[in-house]
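Visitor: What follows is query-v6.cif, mmCIF, C-alpha atoms (C1' of nucleotides).
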data_entry
loop_
_atom_site.label_atom_id
_atom_site.label_comp_id
_atom_site.auth_asym_id
_atom_site.auth_seq_id
_atom_site.Cartn_x
_atom_site.Cartn_y
_atom_site.Cartn_z
CA MET A 1 -8.13 -16.83 37.17
CA ALA A 2 -9.74 -13.45 37.44
CA ARG A 3 -11.39 -12.46 34.15
CA LYS A 4 -12.37 -15.01 31.55
CA ARG A 5 -11.62 -14.40 27.96
CA ASP A 6 -14.51 -13.57 25.64
CA PRO A 7 -14.65 -16.44 23.11
CA GLU A 8 -16.14 -14.14 20.48
CA SER A 9 -13.13 -11.83 20.55
CA ARG A 10 -11.76 -13.13 17.28
CA GLU A 11 -15.07 -12.72 15.50
CA LYS A 12 -15.56 -9.19 16.76
CA ILE A 13 -12.08 -8.23 15.65
CA LEU A 14 -12.62 -9.85 12.28
CA GLU A 15 -15.88 -8.00 11.76
CA VAL A 16 -14.19 -4.65 12.27
CA ALA A 17 -11.15 -5.63 10.24
CA THR A 18 -13.36 -6.85 7.40
CA ARG A 19 -15.27 -3.59 7.33
CA LEU A 20 -12.09 -1.50 7.24
CA PHE A 21 -10.12 -3.73 4.87
CA ASP A 22 -13.05 -3.95 2.45
CA ALA A 23 -13.61 -0.22 2.53
CA ARG A 24 -10.02 0.99 2.26
CA GLY A 25 -7.78 -1.92 1.30
CA VAL A 26 -5.40 -3.89 3.48
CA HIS A 27 -2.38 -1.64 3.12
CA ALA A 28 -4.34 1.52 3.75
CA VAL A 29 -5.63 0.32 7.11
CA GLY A 30 -3.23 0.45 10.04
CA MET A 31 -3.41 -1.75 13.10
CA GLN A 32 -3.93 1.42 15.15
CA GLN A 33 -7.09 2.21 13.19
CA ILE A 34 -8.46 -1.25 13.85
CA VAL A 35 -7.66 -0.91 17.54
CA ASP A 36 -9.34 2.50 17.70
CA GLU A 37 -12.42 1.24 15.87
CA ILE A 38 -12.77 -1.77 18.16
CA GLY A 39 -12.13 0.38 21.22
CA CYS A 40 -9.52 -1.87 22.75
CA GLY A 41 -5.81 -1.77 23.45
CA LYS A 42 -3.19 -2.91 20.98
CA ALA A 43 -2.17 -5.77 23.23
CA PHE A 44 -5.65 -7.24 23.00
CA LEU A 45 -5.57 -7.31 19.24
CA TYR A 46 -2.06 -8.76 19.18
CA SER A 47 -3.03 -11.43 21.71
CA GLU A 48 -5.56 -12.76 19.21
CA PHE A 49 -3.54 -12.20 16.02
CA ALA A 50 0.23 -12.22 16.42
CA THR A 51 0.87 -10.17 13.27
CA LYS A 52 -1.06 -8.17 10.73
CA GLU A 53 -0.43 -10.94 8.25
CA GLU A 54 -2.24 -13.42 10.48
CA LEU A 55 -5.18 -11.04 10.70
CA VAL A 56 -5.25 -10.64 6.93
CA ILE A 57 -5.18 -14.40 6.41
CA ALA A 58 -8.08 -14.85 8.82
CA TYR A 59 -9.94 -12.01 7.11
CA LEU A 60 -9.55 -13.65 3.70
CA ASN A 61 -10.56 -17.09 4.92
CA ARG A 62 -13.61 -15.58 6.60
CA TYR A 63 -14.56 -13.85 3.35
CA ARG A 64 -14.13 -17.09 1.47
CA GLU A 65 -16.34 -19.01 3.88
CA GLY A 66 -18.95 -16.25 3.72
CA VAL A 67 -19.07 -16.44 -0.06
CA MET A 68 -19.55 -20.19 0.00
CA VAL A 69 -22.42 -19.82 2.46
CA THR A 70 -24.04 -17.09 0.37
CA MET A 71 -23.72 -19.23 -2.73
CA ALA A 72 -25.29 -22.18 -0.96
CA GLN A 73 -28.20 -19.98 0.11
CA ALA A 74 -28.72 -18.76 -3.45
CA GLU A 75 -28.69 -22.32 -4.72
CA ALA A 76 -31.15 -23.42 -2.07
CA ARG A 77 -33.75 -21.29 -3.79
CA PHE A 78 -33.76 -23.69 -6.74
CA PRO A 79 -33.27 -27.19 -5.37
CA ASP A 80 -32.53 -29.86 -7.94
CA ASP A 81 -32.24 -27.28 -10.72
CA PRO A 82 -28.50 -26.81 -11.28
CA ALA A 83 -28.98 -24.57 -14.31
CA ARG A 84 -31.04 -22.09 -12.32
CA GLN A 85 -28.63 -22.43 -9.42
CA ILE A 86 -25.78 -21.20 -11.59
CA VAL A 87 -27.78 -18.19 -12.70
CA ALA A 88 -28.91 -17.52 -9.13
CA MET A 89 -25.32 -17.51 -8.00
CA VAL A 90 -24.40 -14.89 -10.58
CA GLY A 91 -27.48 -12.96 -9.50
CA ILE A 92 -26.48 -12.85 -5.88
CA VAL A 93 -22.96 -11.78 -6.80
CA ALA A 94 -24.40 -9.01 -8.95
CA GLU A 95 -26.64 -7.91 -6.11
CA CYS A 96 -23.73 -7.72 -3.66
CA SER A 97 -21.44 -6.06 -6.18
CA LEU A 98 -23.87 -3.27 -6.95
CA GLN A 99 -24.19 -2.12 -3.37
CA PRO A 100 -22.78 1.35 -2.78
CA GLY A 101 -19.13 1.42 -1.76
CA PHE A 102 -18.37 -1.99 -3.28
CA ARG A 103 -14.67 -2.16 -4.03
CA GLY A 104 -14.30 -5.60 -5.63
CA CYS A 105 -13.68 -9.14 -4.47
CA SER A 106 -11.66 -9.05 -1.25
CA VAL A 107 -9.53 -12.03 -2.24
CA ARG A 108 -8.76 -10.61 -5.65
CA ASN A 109 -7.91 -7.21 -4.17
CA ALA A 110 -5.62 -8.78 -1.60
CA HIS A 111 -4.00 -10.80 -4.38
CA ALA A 112 -3.25 -7.53 -6.13
CA GLU A 113 -1.96 -5.88 -2.97
CA PHE A 114 0.63 -8.58 -2.23
CA PRO A 115 2.89 -8.96 -5.24
CA ASP A 116 5.17 -11.53 -3.60
CA GLU A 117 4.63 -14.86 -5.26
CA ASP A 118 4.90 -16.84 -2.03
CA HIS A 119 2.64 -14.68 0.10
CA PRO A 120 -0.02 -16.74 1.92
CA ALA A 121 -2.75 -14.52 0.43
CA ARG A 122 -1.79 -15.93 -2.96
CA GLN A 123 -2.35 -19.46 -1.80
CA ILE A 124 -5.74 -18.53 -0.41
CA ALA A 125 -6.70 -16.85 -3.67
CA ILE A 126 -5.77 -19.89 -5.72
CA GLU A 127 -7.59 -22.28 -3.42
CA TYR A 128 -10.63 -20.00 -3.42
CA TYR A 129 -10.75 -19.78 -7.19
CA ASP A 130 -10.33 -23.54 -7.47
CA GLU A 131 -13.13 -24.08 -5.00
CA VAL A 132 -15.59 -21.84 -6.82
CA HIS A 133 -14.61 -23.18 -10.22
CA GLY A 134 -14.91 -26.77 -9.04
CA HIS A 135 -18.31 -26.07 -7.60
CA LEU A 136 -19.45 -24.47 -10.84
CA MET A 137 -18.19 -27.46 -12.81
CA ASP A 138 -20.15 -29.73 -10.54
CA LEU A 139 -23.32 -27.72 -11.12
CA ALA A 140 -22.68 -27.61 -14.86
CA GLU A 141 -22.23 -31.37 -14.94
CA ARG A 142 -25.40 -31.98 -12.99
CA ALA A 143 -27.23 -29.59 -15.30
CA GLY A 144 -26.26 -31.87 -18.15
CA ALA A 145 -23.83 -29.57 -19.91
CA PRO A 146 -21.84 -31.48 -22.53
CA ASP A 147 -18.76 -29.41 -21.66
CA PRO A 148 -18.98 -28.56 -17.97
CA ARG A 149 -15.51 -27.09 -17.81
CA THR A 150 -16.15 -24.54 -20.53
CA LEU A 151 -19.43 -23.50 -18.96
CA ALA A 152 -17.70 -23.13 -15.58
CA ASP A 153 -14.92 -21.10 -17.20
CA ARG A 154 -17.42 -18.75 -18.78
CA ILE A 155 -19.39 -18.23 -15.59
CA MET A 156 -16.10 -17.57 -13.78
CA LEU A 157 -15.23 -14.91 -16.32
CA ILE A 158 -18.63 -13.27 -15.89
CA VAL A 159 -18.34 -13.30 -12.10
CA ASP A 160 -14.79 -11.96 -12.10
CA GLY A 161 -15.72 -9.33 -14.65
CA LEU A 162 -18.75 -8.44 -12.59
CA HIS A 163 -16.64 -7.85 -9.49
CA SER A 164 -14.09 -5.78 -11.34
CA ASN A 165 -16.52 -3.75 -13.41
CA ALA A 166 -18.93 -3.06 -10.56
CA ALA A 167 -16.09 -1.87 -8.33
CA ALA A 168 -15.12 0.78 -10.84
CA ARG A 169 -18.40 1.73 -12.48
CA GLY A 170 -21.24 0.41 -10.36
CA HIS A 171 -24.66 0.81 -11.97
CA ASP A 172 -23.12 2.85 -14.79
CA GLY A 173 -21.05 -0.12 -15.92
CA ALA A 174 -21.68 -3.55 -17.36
CA ALA A 175 -22.51 -5.28 -14.08
CA PRO A 176 -26.31 -4.91 -14.25
CA ALA A 177 -26.25 -6.93 -17.47
CA ALA A 178 -24.44 -9.86 -15.89
CA THR A 179 -27.38 -11.96 -14.74
CA ALA A 180 -29.13 -11.96 -18.10
CA PHE A 181 -25.77 -12.69 -19.66
CA ALA A 182 -25.27 -15.73 -17.44
CA GLU A 183 -28.77 -16.88 -18.25
CA ASP A 184 -28.06 -16.82 -21.98
CA VAL A 185 -24.72 -18.52 -21.52
CA VAL A 186 -26.20 -21.34 -19.47
CA ARG A 187 -29.04 -21.80 -21.93
CA ALA A 188 -26.67 -21.89 -24.89
CA ALA A 189 -24.36 -24.34 -23.13
CA LEU A 190 -27.22 -26.72 -22.46
CA ARG A 191 -28.47 -26.59 -26.05
CA PRO A 192 -25.24 -26.87 -27.99
CA LEU A 193 -26.91 -28.07 -31.20
CA SER A 194 -29.39 -25.24 -31.43
CA HIS A 195 -27.09 -22.87 -33.34
CA THR A 196 -28.81 -22.11 -36.61
CA GLN A 197 -26.20 -21.53 -39.22
CA MET B 1 22.92 27.26 -21.61
CA ALA B 2 25.34 24.49 -20.84
CA ARG B 3 23.62 21.17 -21.12
CA LYS B 4 20.34 20.70 -22.91
CA ARG B 5 17.61 18.65 -21.41
CA ASP B 6 16.92 15.26 -22.94
CA PRO B 7 13.37 15.49 -24.31
CA GLU B 8 12.90 11.75 -23.83
CA SER B 9 13.48 11.99 -20.11
CA ARG B 10 9.81 11.65 -19.26
CA GLU B 11 9.39 8.63 -21.47
CA LYS B 12 12.44 6.88 -20.01
CA ILE B 13 11.20 7.50 -16.49
CA LEU B 14 7.75 6.28 -17.40
CA GLU B 15 9.13 3.10 -18.92
CA VAL B 16 10.93 2.21 -15.72
CA ALA B 17 8.02 3.28 -13.53
CA THR B 18 5.62 1.23 -15.63
CA ARG B 19 7.78 -1.86 -15.31
CA LEU B 20 8.05 -1.51 -11.53
CA PHE B 21 4.46 -0.43 -10.89
CA ASP B 22 3.09 -3.24 -13.04
CA ALA B 23 5.32 -5.83 -11.40
CA ARG B 24 4.85 -4.84 -7.77
CA GLY B 25 1.98 -2.36 -7.49
CA VAL B 26 2.10 1.38 -6.96
CA HIS B 27 2.26 1.36 -3.16
CA ALA B 28 4.96 -1.28 -3.04
CA VAL B 29 7.36 0.72 -5.24
CA GLY B 30 9.22 3.60 -3.63
CA MET B 31 10.55 6.63 -5.44
CA GLN B 32 14.03 5.58 -4.34
CA GLN B 33 13.64 2.27 -6.15
CA ILE B 34 12.64 4.06 -9.33
CA VAL B 35 15.60 6.41 -9.02
CA ASP B 36 17.97 3.49 -8.45
CA GLU B 37 16.57 1.57 -11.40
CA ILE B 38 16.89 4.56 -13.73
CA GLY B 39 20.36 5.32 -12.41
CA CYS B 40 19.72 9.00 -11.81
CA GLY B 41 19.44 11.32 -8.85
CA LYS B 42 16.23 12.02 -7.01
CA ALA B 43 16.25 15.64 -8.13
CA PHE B 44 16.10 14.56 -11.75
CA LEU B 45 13.01 12.46 -11.19
CA TYR B 46 11.33 15.20 -9.15
CA SER B 47 12.17 17.79 -11.81
CA GLU B 48 10.05 15.83 -14.26
CA PHE B 49 7.28 14.74 -11.87
CA ALA B 50 6.68 16.96 -8.88
CA THR B 51 5.08 14.23 -6.77
CA LYS B 52 4.58 10.49 -6.83
CA GLU B 53 0.94 11.12 -7.59
CA GLU B 54 1.85 13.00 -10.77
CA LEU B 55 4.02 10.08 -11.81
CA VAL B 56 1.21 7.62 -11.15
CA ILE B 57 -1.24 9.71 -13.17
CA ALA B 58 1.16 9.82 -16.10
CA TYR B 59 1.76 6.09 -15.77
CA LEU B 60 -1.96 5.37 -15.92
CA ASN B 61 -2.57 7.67 -18.87
CA ARG B 62 0.33 6.07 -20.70
CA TYR B 63 -1.12 2.62 -20.05
CA ARG B 64 -4.48 3.78 -21.30
CA GLU B 65 -3.03 5.19 -24.50
CA GLY B 66 -1.05 1.99 -25.03
CA VAL B 67 -4.17 -0.13 -24.73
CA MET B 68 -6.00 2.00 -27.27
CA VAL B 69 -3.10 1.63 -29.71
CA THR B 70 -2.94 -2.12 -29.18
CA MET B 71 -6.67 -2.39 -29.73
CA ALA B 72 -6.43 -0.38 -32.92
CA GLN B 73 -3.68 -2.70 -34.17
CA ALA B 74 -5.76 -5.76 -33.42
CA GLU B 75 -8.70 -4.25 -35.27
CA ALA B 76 -6.54 -3.35 -38.25
CA ARG B 77 -6.16 -7.06 -38.91
CA PHE B 78 -9.83 -7.24 -39.89
CA PRO B 79 -10.69 -4.02 -41.69
CA ASP B 80 -14.38 -3.42 -42.25
CA ASP B 81 -15.32 -6.47 -40.19
CA PRO B 82 -16.44 -5.09 -36.83
CA ALA B 83 -17.59 -8.47 -35.56
CA ARG B 84 -14.17 -9.99 -36.04
CA GLN B 85 -12.59 -6.83 -34.66
CA ILE B 86 -14.39 -7.32 -31.38
CA VAL B 87 -13.18 -10.89 -31.13
CA ALA B 88 -9.66 -9.88 -32.13
CA MET B 89 -9.62 -7.31 -29.36
CA VAL B 90 -10.54 -9.94 -26.78
CA GLY B 91 -7.89 -12.18 -28.32
CA ILE B 92 -5.13 -9.63 -27.91
CA VAL B 93 -6.16 -8.94 -24.33
CA ALA B 94 -6.08 -12.67 -23.63
CA GLU B 95 -2.65 -12.93 -25.19
CA CYS B 96 -1.28 -10.10 -23.05
CA SER B 97 -2.99 -11.36 -19.92
CA LEU B 98 -1.54 -14.83 -20.19
CA GLN B 99 2.05 -13.65 -20.27
CA PRO B 100 4.05 -14.76 -17.22
CA GLY B 101 4.03 -12.27 -14.37
CA PHE B 102 0.80 -10.60 -15.48
CA ARG B 103 -0.82 -8.95 -12.48
CA GLY B 104 -4.01 -7.53 -13.96
CA CYS B 105 -5.12 -4.32 -15.62
CA SER B 106 -2.97 -1.44 -14.35
CA VAL B 107 -5.89 0.96 -14.19
CA ARG B 108 -8.07 -1.46 -12.30
CA ASN B 109 -5.25 -2.28 -9.87
CA ALA B 110 -4.59 1.39 -9.25
CA HIS B 111 -8.29 1.93 -8.74
CA ALA B 112 -8.15 -0.72 -6.02
CA GLU B 113 -5.02 0.76 -4.46
CA PHE B 114 -6.50 4.24 -4.00
CA PRO B 115 -9.69 3.96 -2.00
CA ASP B 116 -10.29 7.70 -1.82
CA GLU B 117 -13.30 8.53 -3.92
CA ASP B 118 -11.82 11.75 -5.27
CA HIS B 119 -8.38 10.44 -6.16
CA PRO B 120 -7.38 11.33 -9.74
CA ALA B 121 -6.73 7.67 -10.48
CA ARG B 122 -10.45 7.11 -10.04
CA GLN B 123 -11.28 9.67 -12.68
CA ILE B 124 -8.82 8.09 -15.08
CA ALA B 125 -10.32 4.66 -14.47
CA ILE B 126 -13.83 5.88 -15.18
CA GLU B 127 -12.79 7.71 -18.34
CA TYR B 128 -10.83 4.68 -19.49
CA TYR B 129 -13.74 2.32 -18.96
CA ASP B 130 -16.07 4.72 -20.73
CA GLU B 131 -13.68 4.99 -23.64
CA VAL B 132 -13.36 1.23 -24.11
CA HIS B 133 -17.05 0.65 -23.63
CA GLY B 134 -17.96 3.40 -26.07
CA HIS B 135 -15.57 1.98 -28.63
CA LEU B 136 -17.06 -1.47 -28.21
CA MET B 137 -20.56 -0.07 -28.63
CA ASP B 138 -19.45 1.62 -31.82
CA LEU B 139 -18.07 -1.66 -33.15
CA ALA B 140 -21.19 -3.53 -32.10
CA GLU B 141 -23.37 -1.00 -33.87
CA ARG B 142 -21.34 -1.18 -37.04
CA ALA B 143 -21.49 -4.98 -36.85
CA GLY B 144 -25.25 -4.67 -37.01
CA ALA B 145 -26.05 -5.81 -33.49
CA PRO B 146 -29.66 -5.04 -32.64
CA ASP B 147 -28.63 -4.21 -29.07
CA PRO B 148 -25.12 -2.73 -29.22
CA ARG B 149 -25.07 -1.72 -25.60
CA THR B 150 -25.75 -5.20 -24.30
CA LEU B 151 -23.12 -6.71 -26.56
CA ALA B 152 -20.60 -4.09 -25.40
CA ASP B 153 -21.52 -4.78 -21.78
CA ARG B 154 -20.94 -8.50 -22.26
CA ILE B 155 -17.60 -8.05 -23.95
CA MET B 156 -16.58 -5.67 -21.17
CA LEU B 157 -17.44 -8.32 -18.60
CA ILE B 158 -15.39 -10.89 -20.47
CA VAL B 159 -12.41 -8.56 -20.75
CA ASP B 160 -12.56 -7.51 -17.11
CA GLY B 161 -12.98 -11.10 -16.03
CA LEU B 162 -10.10 -12.09 -18.26
CA HIS B 163 -7.78 -9.57 -16.63
CA SER B 164 -8.81 -10.55 -13.13
CA ASN B 165 -8.81 -14.28 -13.66
CA ALA B 166 -5.55 -14.38 -15.60
CA ALA B 167 -3.79 -12.34 -12.92
CA ALA B 168 -4.65 -14.91 -10.28
CA ARG B 169 -4.68 -18.19 -12.17
CA GLY B 170 -2.96 -17.68 -15.51
CA HIS B 171 -3.21 -20.66 -17.85
CA ASP B 172 -4.79 -22.74 -15.08
CA GLY B 173 -7.80 -20.43 -14.93
CA ALA B 174 -10.63 -19.44 -17.20
CA ALA B 175 -8.71 -16.93 -19.29
CA PRO B 176 -7.72 -19.28 -22.14
CA ALA B 177 -11.42 -19.83 -22.82
CA ALA B 178 -12.15 -16.14 -23.24
CA THR B 179 -11.61 -15.73 -26.97
CA ALA B 180 -13.90 -18.59 -27.95
CA PHE B 181 -16.39 -17.23 -25.44
CA ALA B 182 -16.33 -13.81 -27.06
CA GLU B 183 -16.75 -15.41 -30.47
CA ASP B 184 -19.90 -17.21 -29.34
CA VAL B 185 -21.25 -14.09 -27.67
CA VAL B 186 -20.73 -11.95 -30.75
CA ARG B 187 -22.26 -14.59 -33.00
CA ALA B 188 -25.29 -14.95 -30.74
CA ALA B 189 -25.73 -11.19 -30.50
CA LEU B 190 -25.77 -10.84 -34.29
CA ARG B 191 -28.28 -13.67 -34.74
CA PRO B 192 -30.78 -12.88 -32.01
CA LEU B 193 -33.59 -14.84 -33.64
CA SER B 194 -31.66 -18.10 -33.94
CA HIS B 195 -32.54 -19.37 -30.49
CA THR B 196 -34.46 -22.60 -30.99
CA GLN B 197 -36.80 -22.98 -28.11
"C1'" DC C 1 -13.62 -7.71 50.22
"C1'" DT C 2 -9.59 -8.55 48.02
"C1'" DG C 3 -6.04 -10.34 45.01
"C1'" DG C 4 -4.72 -10.97 40.47
"C1'" DA C 5 -5.21 -11.51 35.76
"C1'" DA C 6 -7.09 -9.25 31.71
"C1'" DA C 7 -7.67 -5.41 29.21
"C1'" DC C 8 -7.03 -0.33 28.34
"C1'" DG C 9 -4.19 3.53 26.85
"C1'" DG C 10 -0.43 5.22 24.98
"C1'" DA C 11 4.56 5.96 24.89
"C1'" DC C 12 8.05 3.97 22.45
"C1'" DC C 13 11.22 1.62 18.80
"C1'" DG C 14 13.21 0.64 14.31
"C1'" DA C 15 12.20 0.62 9.53
"C1'" DT C 16 10.42 2.80 5.54
"C1'" DT C 17 8.08 6.29 3.03
"C1'" DG C 18 7.66 10.74 0.07
"C1'" DG C 19 10.00 14.71 -0.50
"C1'" DT C 20 13.84 18.49 0.20
"C1'" DC C 21 18.36 20.18 0.14
"C1'" DT C 22 23.25 20.54 -0.48
"C1'" DG C 23 27.71 19.50 -2.33
"C1'" DT C 24 30.00 17.54 -6.26
"C1'" DT C 25 30.71 16.07 -11.02
"C1'" DA C 26 30.79 16.70 -15.80
"C1'" DG C 27 29.70 18.26 -20.37
"C1'" DG C 28 28.47 21.54 -24.00
"C1'" DG C 29 28.06 26.57 -25.76
"C1'" DT C 30 30.73 30.59 -26.41
"C1'" DA D 1 39.73 27.11 -22.25
"C1'" DC D 2 36.27 28.46 -19.29
"C1'" DC D 3 32.04 28.49 -16.95
"C1'" DC D 4 27.25 27.70 -16.38
"C1'" DT D 5 24.09 24.47 -15.44
"C1'" DA D 6 22.01 19.85 -15.71
"C1'" DA D 7 22.49 15.85 -13.47
"C1'" DC D 8 24.42 12.59 -9.88
"C1'" DA D 9 24.74 11.13 -5.08
"C1'" DG D 10 23.13 10.82 -0.80
"C1'" DA D 11 22.29 12.98 3.72
"C1'" DC D 12 18.39 14.54 5.81
"C1'" DC D 13 13.41 15.47 7.60
"C1'" DA D 14 8.74 14.60 9.14
"C1'" DA D 15 5.22 11.25 9.00
"C1'" DT D 16 3.64 6.68 9.32
"C1'" DC D 17 3.97 1.90 9.68
"C1'" DG D 18 4.01 -2.78 12.41
"C1'" DG D 19 5.06 -4.28 16.69
"C1'" DT D 20 6.68 -4.09 21.84
"C1'" DC D 21 6.36 -2.61 26.42
"C1'" DC D 22 4.66 -0.80 30.62
"C1'" DG D 23 1.79 1.64 34.03
"C1'" DT D 24 -3.04 1.96 35.20
"C1'" DT D 25 -7.70 0.51 35.45
"C1'" DT D 26 -11.31 -2.87 35.73
"C1'" DC D 27 -13.74 -6.75 36.91
"C1'" DC D 28 -14.46 -11.47 38.41
"C1'" DA D 29 -13.15 -15.79 41.39
"C1'" DG D 30 -12.45 -17.07 45.93
#
Show this structure as structure tokens.

Guide:
Amino acid sequence: MARKRDPESREKILEVATRLFDARGVHAVGMQQIVDEIGCGKAFLYSEFATKEELVIAYLNRYREGVMVTMAQAEARFPDDPARQIVAMVGIVAECSLQPGFRGCSVRNAHAEFPDEDHPARQIAIEYYDEVHGHLMDLAERAGAPDPRTLADRIMLIVDGLHSNAAARGHDGAAPAATAFAEDVVRAALRPLSHTQ
Amino acid sequence: MARKRDPESREKILEVATRLFDARGVHAVGMQQIVDEIGCGKAFLYSEFATKEELVIAYLNRYREGVMVTMAQAEARFPDDPARQIVAMVGIVAECSLQPGFRGCSVRNAHAEFPDEDHPARQIAIEYYDEVHGHLMDLAERAGAPDPRTLADRIMLIVDGLHSNAAARGHDGAAPAATAFAEDVVRAALRPLSHTQ
DNA sequence: CTGGAAACGGACCGATTGGTCTGTTAGGGT
DNA sequence: ACCCTAACAGACCAATCGGTCCGTTTCCAG
């Protein structure tokens, strides 16, 4: 053998692809653009990812893993306090969503860009949503919520709405109110008998 | 003159375009597909809309007007009861969003499909969001909410989350819980001093 | 130093897109 | 009845896409 393959090739490609896909959308970014941005030949890219679809799948799975890591970090700030962990998770999503140039959740955007029911991106989206929702239900249960599913549903709605609203309106929209909203929702869910009539 | 132009041409084109754009996304639908579906020649379509962009703009404005009409109808069910009107609006959005094949809010999807900051679709999206949010604030004020803006923000988040979540997960997601959620949020917003500590 | 594999650079291919143009059909006003 | 024009039908064009291929350069193992 003459030259040995760089084992970080995939990661480098995925970093560039993530930046471009997130900024412009999957369809709007051509393989040539990715190649130009990386500064390599097309053959190199295609040796690591046989098709654009494979690259997109890897991009989405990488995003998904990154979100789970970020969520875990947010939760680590409040160990053994599931209620605060839920709010912290919404907080970190709000923080990310309000950064300039934010265009929405990558998985959700990809879901919208591939209308075919059987496209792999659909499967990833469903698994991702299930994963987040399941995790939220787990936290809600540990927080002592009498109806963990409903609390998880509501937090999911806030997070999804946050992504969508921030992408379109940023600080001018409803996103900055999301964290306080989540706080109230969690508090209300944990004190279900406190409604004064 | 020999033949007179059908004044409903635009509307017929827009109906077909709306069906295709909503089902498959703007980028995924070609002008040829629209022409084939209508059963007309290309020249006819291009005589009514000079470019695809013009057609997309008209499609988005039509969607926007339709939503405002639907909202007004929902509110008409509870005259002089702004609190119930807010909940009814979320209810009608939930109903629409849970129909099979729903792919999300057309304006939001278009916003995601056109990454260029200065694309007209962006302007429409911002105006649309402002319109809905302003209307919600008006309802919240008339309902006697001490903080109409926050209530409007929260309902916006629920509605946006509803669209997004329903598009990906349908009845298996968090969308079915949205109406009850909105009900609780409105109730809590109108009784801000009822929190037992 | 040298051979050879890896990577670069870009020409190339077929398919598809938005949009134009031309030839033909057909229907209503006079 | 005649004709003028709206509308149909589809060939056509330039641009762009994903993906392949090939000649050249580069760099490391031996």

Visitor: I'd like the residues picked by the PyMOL selection byres ((chain C) within 12 of (chain B)) written out as number ranges by chain, using the chain letters and numbers from the file.

Guide: C: 16-22, 26-30

Visitor: Would you please work out which residue, of D:DC13, D:DA6, D:DC22, D:DA29, is nearest to chain A when using all atoms listed in the file?

Guide: D:DA29

Visitor: Using Å and a single decimal, report how far atom C1' of D:DA11 sits from atom CA of B:Val16.

Guide: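 One can read the atom CA of B:Val16 to atom C1' of D:DA11 distance as 25.0 Å.
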
Visitor: Please, which residues of chain B lie no more than 6 Å from chain A when the count uses only C-alpha atoms, and can they be set out as a list in words?

Guide: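 The contacting residues on chain B are Arg24, Pro115, Asp153, Leu157, Ile158, Asp160, Gly161, Ala174, Ser194 and Thr196 of chain B.
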
Visitor: Of the candidates C:DC1, C:DC13, C:DA7, C:DG23, which one gets nearest to D:DT24 if we count all atoms listed in the file?

Guide: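 Ranking C:DC1, C:DC13, C:DA7, C:DG23 by distance to D:DT24, first place goes to C:DA7.
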
Visitor: How close does chain D get to chain A? List, as CSV, each residue of chain D within 9 Å, its nearest atom pair and the distance in Å to one decimal, counting all atoms listed in the file.

Guide:
residue,atom,partner,partner_atom,distance
D:DC17,C1',A:Gly30,CA,7.4
D:DG18,C1',A:Met31,CA,7.5
D:DG19,C1',A:Thr51,CA,8.0
D:DC27,C1',A:Arg3,CA,6.8
D:DC28,C1',A:Ala2,CA,5.2
D:DA29,C1',A:Ala2,CA,5.7

Visitor: Using Å and a single decimal, report how far atom CA of B:Ile86 sits from atom CA of A:Val90.

Guide: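 Atom CA of B:Ile86 lies at a distance of 24.3 Å from atom CA of A:Val90.
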
Visitor: Could you check how far atom CA of B:Cys105 sits from atom CA of B:Glu75, in Å to one decimal?

Guide: 20.0 Å

Visitor: Once the PyMOL selection byres ((chain B and resi 82) around 12) has been applied to the shown file, what residues remain in the selection, as a PyMOL selection string?

Guide: chain B and resi 72+74-81+83-89+135-145+148+186-187+190

Visitor: Which residues match the PyMOL selection byres ((chain A and resi 67) around 12) in the file above, as an mmCIF file with C-alpha atoms, in the frame of the given file?

Guide:
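Final output, part.cif:
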data_model
loop_
_atom_site.group_PDB
_atom_site.id
_atom_site.type_symbol
_atom_site.label_atom_id
_atom_site.label_comp_id
_atom_site.auth_asym_id
_atom_site.auth_seq_id
_atom_site.Cartn_x
_atom_site.Cartn_y
_atom_site.Cartn_z
ATOM 1 C CA LEU A 60 -9.550 -13.650 3.700
ATOM 2 C CA ASN A 61 -10.560 -17.090 4.920
ATOM 3 C CA ARG A 62 -13.610 -15.580 6.600
ATOM 4 C CA TYR A 63 -14.560 -13.850 3.350
ATOM 5 C CA ARG A 64 -14.130 -17.090 1.470
ATOM 6 C CA GLU A 65 -16.340 -19.010 3.880
ATOM 7 C CA GLY A 66 -18.950 -16.250 3.720
ATOM 8 C CA MET A 68 -19.550 -20.190 0.000
ATOM 9 C CA VAL A 69 -22.420 -19.820 2.460
ATOM 10 C CA THR A 70 -24.040 -17.090 0.370
ATOM 11 C CA MET A 71 -23.720 -19.230 -2.730
ATOM 12 C CA ALA A 72 -25.290 -22.180 -0.960
ATOM 13 C CA GLN A 73 -28.200 -19.980 0.110
ATOM 14 C CA ALA A 74 -28.720 -18.760 -3.450
ATOM 15 C CA MET A 89 -25.320 -17.510 -8.000
ATOM 16 C CA VAL A 90 -24.400 -14.890 -10.580
ATOM 17 C CA ILE A 92 -26.480 -12.850 -5.880
ATOM 18 C CA VAL A 93 -22.960 -11.780 -6.800
ATOM 19 C CA CYS A 96 -23.730 -7.720 -3.660
ATOM 20 C CA CYS A 105 -13.680 -9.140 -4.470
ATOM 21 C CA SER A 106 -11.660 -9.050 -1.250
ATOM 22 C CA VAL A 107 -9.530 -12.030 -2.240
ATOM 23 C CA TYR A 128 -10.630 -20.000 -3.420
ATOM 24 C CA TYR A 129 -10.750 -19.780 -7.190
ATOM 25 C CA GLU A 131 -13.130 -24.080 -5.000
ATOM 26 C CA VAL A 132 -15.590 -21.840 -6.820
#

Visitor: Could you check which of A:Ile124, A:Ile34, A:Leu20, A:Cys40 is closest to C:DA6, using all atoms listed in the file?

Guide: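 Closest to C:DA6 of all the choices is A:Cys40.
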